[in-house]
Amino acid sequence: MRRLTASLATLWISAHSMPTGAVTILVESDGDVINGSVGSVADLLAASGPDGISLREAITATNNDPDQYTMHFATAEIQLTSALPPLTGGHLTIEGPVTLRGGPVMTPTPFDVGLRIASSGNRLVGLTLEGFFITGVAVSPPDGDQPGMTLADNVIEGLTIRGVHNAIFLGDAFSPTCGGQELCPSHNTFLRNTVRNNTIESDRFGIIAEAGRTVGGVFDSLTITGNTLQVGTVAEPNSLGAPIQVDAGGISASAHLSNILVSGNTIEGVQAGGDGAITIAAGLQRNHASVIEDVKVTGNRIHLIRPNGSVPCCNGIVVSAASDYFTYPPQTFPGSPDDNVVRRVEVSGNDISGELLFGGVRLQAGVDGGGSRNRVETARVSDNIIRSTIRNQGILLWIGQIGQGRTVTGNALTDIDIIGNDITTGEGESNQDPTTAGGIILLSGHDGGRNGSISDVRISANHITTSYAGVRLIGGFSPPGSSTPAMGNSIRCVRFTGNSLVGTTTALHVQANMGSALGNLLAFVKPDVGAMVAPELGAVEPTLLDLVATGCPGL
């Protein structure tokens, strides 16, 4: 084991003590044992053991003696043999370069986490983490059922994380006492945390922030910027997960997430299924009565592919209020994802490309087996570049899909601006129904969805290249095999201005009922036909279409 002499270690401490009073600790050993005095940092500096200060000793001492510390390394690599203690003292900076390795010699733990932040004011900078089976870095309470904690002002910056399922996780861990069929009344708060400029290679999730299996969790002022993510592998064709996901958690309630910034990230993803490269979601699984507001998803570059041509994939950016497709545990937790709200969202300036079967940008409420009375309101989708290599929807507004044996009703999207986007839909093979493909799609009731509403939508200055409909409005669509028709859904108050289309003779396709859907309504739809190329209203039901914008003050 490597060790500096006592005199050199003393000189390091003296030379690097910070003016604010923070003390710098030099990790000298590449071992993973405690054989020094760890009751306090002073004790450890005085009696560090025969091999010098180890990382485990340094973390333990700072936990026992909370203050401001900065930790550096005189060793290039540390092989861990068991989980490190969580950082509970606060105000600790761990600064590389150093490589921390998990892997087969590491004793399994419930989450197999490389570094776990369980306090405030910590910084992880310039570290490399490899081989931690589940998670590279977690920001979460030391015990999953410890209520009332605030984890604030933590920074995860410039890390390289490889060989993990989930690279960076922020939120409540599954509790040992509430991990079955209960919700933990945690009321924990995650405030002003930052994840920036990290390089991530993971096979499932990249960066995930969620209030999971809890009641009353709070995230405020979360920043995820400048990260580079490679997520998913061709070798795991059924891998699921979003490279970046911020959500109110699965099997939870009454979470509140606000002031979320996801900006300037680069994502290369191999995906299966319907996860978005960037997902913002209130109401995943059985989550209910949660709110996400004041979200910006800006200036990200996303490219997604499928592991093979037969796997349905992919979404670029998804903003969701309620989805219950991946319920865990399956159908055993009571309730449904009802009464969730996502509001004041900006999705702008993103470059999204690849095999985008399920949309470049998707706003949805109560879909994929979702619940009732969920809303996305006041959203702006602007100045995005969307390029798909397969047939798809460039931008999709989608609500109300029956599932999990329950009635789905009263979901809504309202006050939506779709402005200045450059959309190209592909022509390659796809299992997507071509009758729902196109540049911008509004679908207000899918499968057995009831009484859903899309309203107050302004579609302007978009450039769309497609051989399908440029813009398509569908009141209700029940595909073949649907046991319950979509009924009572509506699209109201839609305005088109200054859009241009290439490659299609159908600029606008309007259809109240598709498949076995019944009794759906399209009303107060106002096209600016002079601004569109080759306008055509296809499959219109004249008694259900009113081209006068009466009753739509926002148009």
# chains A, B, ... in the order shown; residues from 1 in each chain; ligands from 1
>>> residues_around(residues="stretch 352-363 of chain A", least_positions_apart="3", cutoff="6 Å", atoms="only C-alpha atoms", output="list in words")
Ile302, His303, Leu304, Ile305, Cys313, Cys314, Asn315, Gly316, Ile317, Val318, Val319, Ser320, Ile386, Arg387, Ser388, Thr389, Ile390, Asn392, Gln393, Gly394, Ile395, Leu396 and Leu397 of chain A
>>> write_last_selection(atoms="C-alpha atoms", output="mmCIF file, in the first residue's frame")
data_model
loop_
_atom_site.group_PDB
_atom_site.id
_atom_site.type_symbol
_atom_site.label_atom_id
_atom_site.label_comp_id
_atom_site.auth_asym_id
_atom_site.auth_seq_id
_atom_site.Cartn_x
_atom_site.Cartn_y
_atom_site.Cartn_z
ATOM 1 C CA ILE A 302 -30.206 13.623 -28.863
ATOM 2 C CA HIS A 303 -29.642 10.691 -31.209
ATOM 3 C CA LEU A 304 -31.455 7.375 -30.616
ATOM 4 C CA ILE A 305 -31.344 3.974 -32.307
ATOM 5 C CA CYS A 313 -38.418 2.612 -30.265
ATOM 6 C CA CYS A 314 -37.925 5.621 -29.539
ATOM 7 C CA ASN A 315 -38.953 8.987 -28.043
ATOM 8 C CA GLY A 316 -36.815 12.091 -28.024
ATOM 9 C CA ILE A 317 -38.334 14.261 -25.252
ATOM 10 C CA VAL A 318 -41.416 13.228 -23.258
ATOM 11 C CA VAL A 319 -43.431 15.465 -20.934
ATOM 12 C CA SER A 320 -45.947 13.265 -19.152
ATOM 13 C CA ILE A 386 -36.484 16.811 -35.337
ATOM 14 C CA ARG A 387 -35.154 14.280 -37.868
ATOM 15 C CA SER A 388 -36.490 10.714 -37.911
ATOM 16 C CA THR A 389 -35.249 7.877 -40.102
ATOM 17 C CA ILE A 390 -38.504 5.927 -39.722
ATOM 18 C CA ASN A 392 -43.354 8.608 -36.949
ATOM 19 C CA GLN A 393 -44.950 11.647 -35.387
ATOM 20 C CA GLY A 394 -42.604 14.630 -35.187
ATOM 21 C CA ILE A 395 -44.516 16.276 -32.329
ATOM 22 C CA LEU A 396 -47.308 14.333 -30.625
ATOM 23 C CA LEU A 397 -49.956 15.590 -28.200
#
>>> atom_distance(atom1="atom CA of A:Val27", atom2="atom CA of A:Thr60")
12.5 Å
>>> atom_distance(atom1="atom CA of A:Arg375", atom2="atom CA of A:Gly515")
25.3 Å
>>> residues_around(residues="A:Val246", least_positions_apart="6", cutoff="7 Å", atoms="only C-alpha atoms", output="JSON, numbers by chain")
{"A": [208, 209, 210, 279, 280, 281]}
>>> write_last_selection(atoms="all heavy atoms", output="mmCIF file, in the first residue's frame")
data_model
loop_
_atom_site.group_PDB
_atom_site.id
_atom_site.type_symbol
_atom_site.label_atom_id
_atom_site.label_comp_id
_atom_site.auth_asym_id
_atom_site.auth_seq_id
_atom_site.Cartn_x
_atom_site.Cartn_y
_atom_site.Cartn_z
ATOM 1 N N ILE A 208 -31.118 10.182 -13.124
ATOM 2 C CA ILE A 208 -32.523 10.094 -12.741
ATOM 3 C C ILE A 208 -32.739 10.792 -11.407
ATOM 4 O O ILE A 208 -31.980 10.594 -10.461
ATOM 5 C CB ILE A 208 -33.015 8.625 -12.679
ATOM 6 C CG1 ILE A 208 -34.490 8.571 -12.248
ATOM 7 C CG2 ILE A 208 -32.137 7.764 -11.792
ATOM 8 C CD1 ILE A 208 -35.116 7.194 -12.395
ATOM 9 N N ALA A 209 -33.765 11.645 -11.358
ATOM 10 C CA ALA A 209 -34.160 12.324 -10.120
ATOM 11 C C ALA A 209 -35.633 12.023 -9.886
ATOM 12 O O ALA A 209 -36.474 12.308 -10.738
ATOM 13 C CB ALA A 209 -33.934 13.825 -10.230
ATOM 14 N N GLU A 210 -35.952 11.423 -8.743
ATOM 15 C CA GLU A 210 -37.343 11.068 -8.507
ATOM 16 C C GLU A 210 -37.648 10.986 -7.016
ATOM 17 O O GLU A 210 -36.778 10.728 -6.196
ATOM 18 C CB GLU A 210 -37.691 9.732 -9.160
ATOM 19 C CG GLU A 210 -37.060 8.519 -8.519
ATOM 20 C CD GLU A 210 -37.621 7.209 -9.058
ATOM 21 O OE1 GLU A 210 -38.210 7.223 -10.149
ATOM 22 O OE2 GLU A 210 -37.476 6.185 -8.391
ATOM 23 N N THR A 279 -37.035 12.542 -20.118
ATOM 24 C CA THR A 279 -38.406 12.338 -19.655
ATOM 25 C C THR A 279 -38.671 13.215 -18.437
ATOM 26 O O THR A 279 -37.913 13.186 -17.471
ATOM 27 C CB THR A 279 -38.655 10.865 -19.276
ATOM 28 O OG1 THR A 279 -38.489 10.044 -20.442
ATOM 29 C CG2 THR A 279 -40.058 10.667 -18.732
ATOM 30 N N ILE A 280 -39.735 14.006 -18.509
ATOM 31 C CA ILE A 280 -40.227 14.794 -17.376
ATOM 32 C C ILE A 280 -41.614 14.267 -17.064
ATOM 33 O O ILE A 280 -42.513 14.350 -17.901
ATOM 34 C CB ILE A 280 -40.301 16.299 -17.711
ATOM 35 C CG1 ILE A 280 -38.974 16.805 -18.288
ATOM 36 C CG2 ILE A 280 -40.733 17.101 -16.492
ATOM 37 C CD1 ILE A 280 -37.815 16.792 -17.327
ATOM 38 N N ALA A 281 -41.825 13.704 -15.868
ATOM 39 C CA ALA A 281 -43.070 12.969 -15.638
ATOM 40 C C ALA A 281 -43.606 13.146 -14.224
ATOM 41 O O ALA A 281 -42.896 12.918 -13.250
ATOM 42 C CB ALA A 281 -42.859 11.479 -15.920
#
>>> residues_around(residues="A:Ser323", least_positions_apart="6", cutoff="7 Å", atoms="only C-alpha atoms", output="list of chain:residue names")
A:Gly283, A:Leu284, A:Gln285, A:Pro337, A:Gly366, A:Val367, A:Asp368, A:Gly369, A:Gly370
>>> select_by_dssp(residues="stretch 39-207 of chain A", states="strand (DSSP E or B)", output="ChimeraX atom specification")
/A:69-73,77-79,87,92-101,113-117,123-130,135-139,150-152,155-157,160-171,184,189-191,194-196,199-207
>>> residues_around(residues="A:Gly371", least_positions_apart="6", cutoff="6 Å", atoms="only C-alpha atoms", output="list in words")
Ser336, Pro337, Asp338 and Val408 of chain A
>>> residues_around(residues="A:Ala61", least_positions_apart="6", cutoff="7 Å", atoms="only C-alpha atoms", output="PyMOL selection string")
chain A and resi 38-41+44
>>> write_last_selection(atoms="N, CA, C and O atoms", output="compact mmCIF listing (two decimals), in the first residue's frame")
# COMPACT_ATOMS: atom_id res chain seq x y z
N VAL A 38 -10.43 7.12 13.56
CA VAL A 38 -11.41 7.83 12.73
C VAL A 38 -12.45 8.57 13.56
O VAL A 38 -13.48 8.99 13.03
N GLY A 39 -12.19 8.77 14.84
CA GLY A 39 -13.14 9.50 15.68
C GLY A 39 -13.31 10.94 15.26
O GLY A 39 -14.38 11.54 15.44
N SER A 40 -12.26 11.54 14.68
CA SER A 40 -12.30 12.90 14.17
C SER A 40 -11.24 13.02 13.10
O SER A 40 -10.36 12.16 12.96
N VAL A 41 -11.28 14.11 12.35
CA VAL A 41 -10.26 14.32 11.33
C VAL A 41 -8.89 14.54 11.99
O VAL A 41 -7.87 14.04 11.52
N LEU A 44 -7.45 11.24 12.87
CA LEU A 44 -6.97 10.49 11.71
C LEU A 44 -5.64 11.06 11.21
O LEU A 44 -4.74 10.30 10.83
>>> atom_distance(atom1="atom CA of A:Ser500", atom2="atom CA of A:Ala379")
22.0 Å
>>> residues_around(residues="A:Ile474", least_positions_apart="4", cutoff="6 Å", atoms="only C-alpha atoms", output="PDB file with N, CA and C atoms, in the first residue's frame")
ATOM      1  N   LEU A 443     -53.981  13.963 -30.686  1.00  0.00           N
ATOM      2  CA  LEU A 443     -54.857  12.807 -30.493  1.00  0.00           C
ATOM      3  C   LEU A 443     -55.490  12.920 -29.108  1.00  0.00           C
ATOM      4  N   GLN A 511     -60.039  14.473 -38.334  1.00  0.00           N
ATOM      5  CA  GLN A 511     -60.956  13.338 -38.246  1.00  0.00           C
ATOM      6  C   GLN A 511     -61.421  13.184 -36.810  1.00  0.00           C
ATOM      7  N   ALA A 512     -62.721  13.246 -36.611  1.00  0.00           N
ATOM      8  CA  ALA A 512     -63.260  13.156 -35.254  1.00  0.00           C
ATOM      9  C   ALA A 512     -63.150  11.752 -34.696  1.00  0.00           C
TER      10      ALA A 512
END
